[in-house]
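Asker: What follows is a single structure, and I will ask about it in a moment.
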Amino acid sequence: MPGTVLLVAASPVGKGRLVDAAAVLPVLAAVAPGVLAGADTANVVELADPVEPQTVLTRIRAAAGTVGPLTVFVTGQLTLDRRQRLPHLALARTAPATVRYTAFPWHWFREELRLRAPGSTTLFLDLHADAESWERLRGTPLDSGHNCAVYGRIAPPPHRRTVADPSYMKAVATLLRSGHRPPVEQLHEEALSRITGEAPGIVLAARAPGAGDPHAAVSAAVRAGRHADADGLAARWEQAAVRAHGAASEEALHWTEVRADLAMFAGDAARSCRTWLAVASARLAAGQAPDAPPVEAAVDRAHHQWGEIRDPARARELGPALAELRGRVPGRRVGALDHVRRQLRQLQTQN
């Protein structure tokens with residue numbers, strides 16, 4: 001089965017740049033795609049100093065939807081948004097005052113990759129943190145999701161007026177240029193051994209969960225095209241979580257979110273939209289803030305799926321609920337509520 005490789009190298013343009021992230025891309029590009037992916041053949045997608053968070057999201061979402069092995073190489077720098085103090089991958093236009101709108105929220109990696117089959121996704125990370133991010137990450141680990149193997153390092157800020165070199169990722173790429181990809185743990189250790197002249201910072205080494213994870217059976221059913229079976233499995237886990245923890249618990253809402261994603265995979269955009277709307281409403285009713293990441297994610301996904309509905313009647317049915325939620329949860333995209341209202345007006349003229 002062909003693999004997929006996503007190469008992301010991102011850092012701000014100008015004096016805010018801590019690392020020359022794009023310097024690693026020529027070295028990675030010299031590696032055969034199959035070696036990068038650990039597969040016989042692979043598709044490679046490269047993002048060099050991307051400007052828009054939505055561009056990165058689109059590429060990750062497409063990569064997450066593939067069924068073969070997925071390897072994501074991320075080189076760049078971490079920063080915090082001022083409002084929620086959450087880690088973001090800084091992009092080309094990111095500045096301290098605009099992080100929320102110009103940087104890529106790190107939790108989007110977790111959200112997009114969470115339904116990947118256990119053992120099918122590997123992240124290699126070479127990240128430099130700014131001063132505030134570094135202090136936070138020393139006490140709070142970077143959360144890339146439970147479903148991925150994660151290897152790499154997070155380096156502290158370089159000396160003032162110095163742009164750091166992505167030496168860990170260059171070491172990984174150099175090792176792979178031999179044409180052989182060793183087991184990922186060995187590759188990681190060998191890469192670390194090659195940067196002994198500098199402190200690696202926070203070392204990341206987390207294996208993916210095994211096949212006993214309940215998500216594995218769900219993912220397997222999706223890959224086999226058995227969408228009803230996948231939803232049935234997720235529904236049983238959802239019901240068990242409701243009985244054990246309550247309908248508004250994180251455990252139950254997680255499985256409701258899984259079912260929303262499964263509806264998307266099955267091509268039922270209306271059901272997916274309706275489920276995401278229910279998740280967002282439940283989180284708001286439980287007292288979560290309108291700008292809390294899980295609330296924003298639920299409304300954003302409902303909005304996206306609403307745009308995929310091809311039956312005007314079903315879109316008209318769900319539009320008012322989406323508009324009401326968009327009024328409370330504007331999200332990060334400027335003009336999202338206006339977009340819903342414009343689309344609703346157009347739908348009124350369609351049969």
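The chains in the structure tokens are called A, B, ... from first to last as shown; in each chain the residues are counted from 1, and the ligands are counted from 1 in the order shown.
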Taking 2 positions as the minimum chain separation for residues in the same chain, which residues sit within 10 Å of Arg328 of chain A when counting only C-alpha atoms? Answer as a list in words.
Answerer: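 After dropping sequence-adjacent residues, the list is Leu284, Ala289, Pro290, Asp291, Val299, Leu322, Ala323, Glu324, Leu325, Arg326, Pro330, Gly331 and Leu337 of chain A.
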Asker: Take the residues just selected and output them with C-alpha atoms as a short mmCIF file (atom, residue, chain, number, x, y, z; two decimals), in the first residue's frame.
Answerer:
```cif
data_model
loop_
_atom_site.label_atom_id
_atom_site.label_comp_id
_atom_site.auth_asym_id
_atom_site.auth_seq_id
_atom_site.Cartn_x
_atom_site.Cartn_y
_atom_site.Cartn_z
CA LEU A 284 -21.36 25.25 25.58
CA ALA A 289 -15.98 28.99 26.71
CA PRO A 290 -16.89 29.89 23.11
CA ASP A 291 -13.19 30.16 22.26
CA VAL A 299 -18.39 24.55 15.12
CA LEU A 322 -25.29 26.73 12.50
CA ALA A 323 -25.87 30.49 12.20
CA GLU A 324 -26.98 30.65 15.85
CA LEU A 325 -23.84 28.82 16.96
CA ARG A 326 -21.62 30.91 14.69
CA PRO A 330 -17.10 33.11 15.59
CA GLY A 331 -13.90 31.02 15.45
CA LEU A 337 -21.02 34.11 10.31
#
```
Asker: List as a list in words the protein and nucleic acid residues near segment 267-279 of chain A, meaning an atom at most 8 Å away when only C-alpha atoms are counted, but skip any in the same chain fewer than 6 places from it.
Answerer: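 Counting only C-alpha atoms, the residues come to Leu253, Thr256, Glu257, Arg259, Ala260, Asp261, Val295, Ala298, Val299, Arg301, Ala302, His303, His304, Gln305, Trp306, Glu308, Ile309, Arg314, Ala315, Leu318, Ala321, Leu322 and Leu325 of chain A.
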Asker: Which residue, A:Leu47, A:Leu28, A:Ile202, A:Val8, has the smallest gap to Pro141 of chain A when you use only C-alpha atoms?
Answerer: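 Of all the options, A:Ile202 lies closest to Pro141 of chain A.
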Asker: Which is closer to Val203 of chain A than all the others in A:Asp126, A:Glu132, A:Glu190, A:Glu238, using only C-alpha atoms?
Answerer: A:Asp126
Asker: Among segment 98-259 of chain A, which residues carry a DSSP assignment of helix (DSSP H, G or I), reported as a PyMOL selection string?
Answerer: chain A and resi 98-102+107-113+131-137+167-176+184-193+214-223+227-245+250-259
Asker: Which one of A:Val334, A:Leu113, A:Leu142, A:Leu176 sits closest to Leu86 of chain A if you count only C-alpha atoms?
Answerer: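 Once distances to Leu86 of chain A are computed over only C-alpha atoms, the minimum belongs to A:Leu142.
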Asker: Which of segment 157-341 of chain A end up as strand (DSSP E or B) when DSSP is run on this backbone - answer as a list in words?
Answerer: Ala164, Ile202, Val203, Leu204, Ala205 and Ala206 of chain A
Asker: Write a file of the just-selected residues containing N, CA, C and O atoms, as a compact mmCIF listing (two decimals), in the first residue's frame.
Answerer:
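And here's again15.txt as it stands now:
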```
# COMPACT_ATOMS: atom_id res chain seq x y z
N ALA A 164 18.58 29.52 14.59
CA ALA A 164 19.05 28.16 14.83
C ALA A 164 18.97 27.31 13.57
O ALA A 164 18.25 27.63 12.61
N ILE A 202 13.99 19.22 24.98
CA ILE A 202 13.00 18.21 25.37
C ILE A 202 12.97 17.13 24.30
O ILE A 202 12.68 17.41 23.13
N VAL A 203 13.29 15.90 24.67
CA VAL A 203 13.32 14.80 23.72
C VAL A 203 11.94 14.16 23.66
O VAL A 203 11.32 13.87 24.69
N LEU A 204 11.46 13.95 22.45
CA LEU A 204 10.14 13.33 22.22
C LEU A 204 10.34 11.92 21.72
O LEU A 204 11.01 11.70 20.71
N ALA A 205 9.75 10.95 22.41
CA ALA A 205 9.85 9.55 21.98
C ALA A 205 8.64 8.81 22.52
O ALA A 205 8.64 8.36 23.67
N ALA A 206 7.61 8.70 21.71
CA ALA A 206 6.37 8.05 22.13
C ALA A 206 5.90 7.10 21.05
O ALA A 206 5.63 7.52 19.92
```
Asker: At what distance in Å, to one decimal, does atom CA of Asp165 of chain A lie from atom CA of His180 of chain A?
Answerer: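 Spanning atom CA of His180 of chain A to atom CA of Asp165 of chain A is a straight-line distance of 24.3 Å.
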Asker: Considering only C-alpha atoms, give me a table of residues in segment 63-181 of chain A that are at most 12 Å from segment 39-43 of chain A, with the closest atom pair and distance in Å for each, as CSV.
Answerer:
```
residue,atom,partner,partner_atom,distance
A:Ala63,CA,A:Asn43,CA,9.6
A:Thr66,CA,A:Asn43,CA,10.4
A:Val67,CA,A:Ala42,CA,11.9
A:Gly68,CA,A:Ala39,CA,8.8
A:Pro69,CA,A:Ala39,CA,7.5
A:Leu70,CA,A:Ala42,CA,9.2
A:Thr71,CA,A:Ala42,CA,10.0
A:Val72,CA,A:Asn43,CA,11.8
A:Ser120,CA,A:Ala39,CA,11.2
A:Gly179,CA,A:Asp40,CA,11.8
A:His180,CA,A:Ala39,CA,11.0
A:Arg181,CA,A:Ala39,CA,9.6
```
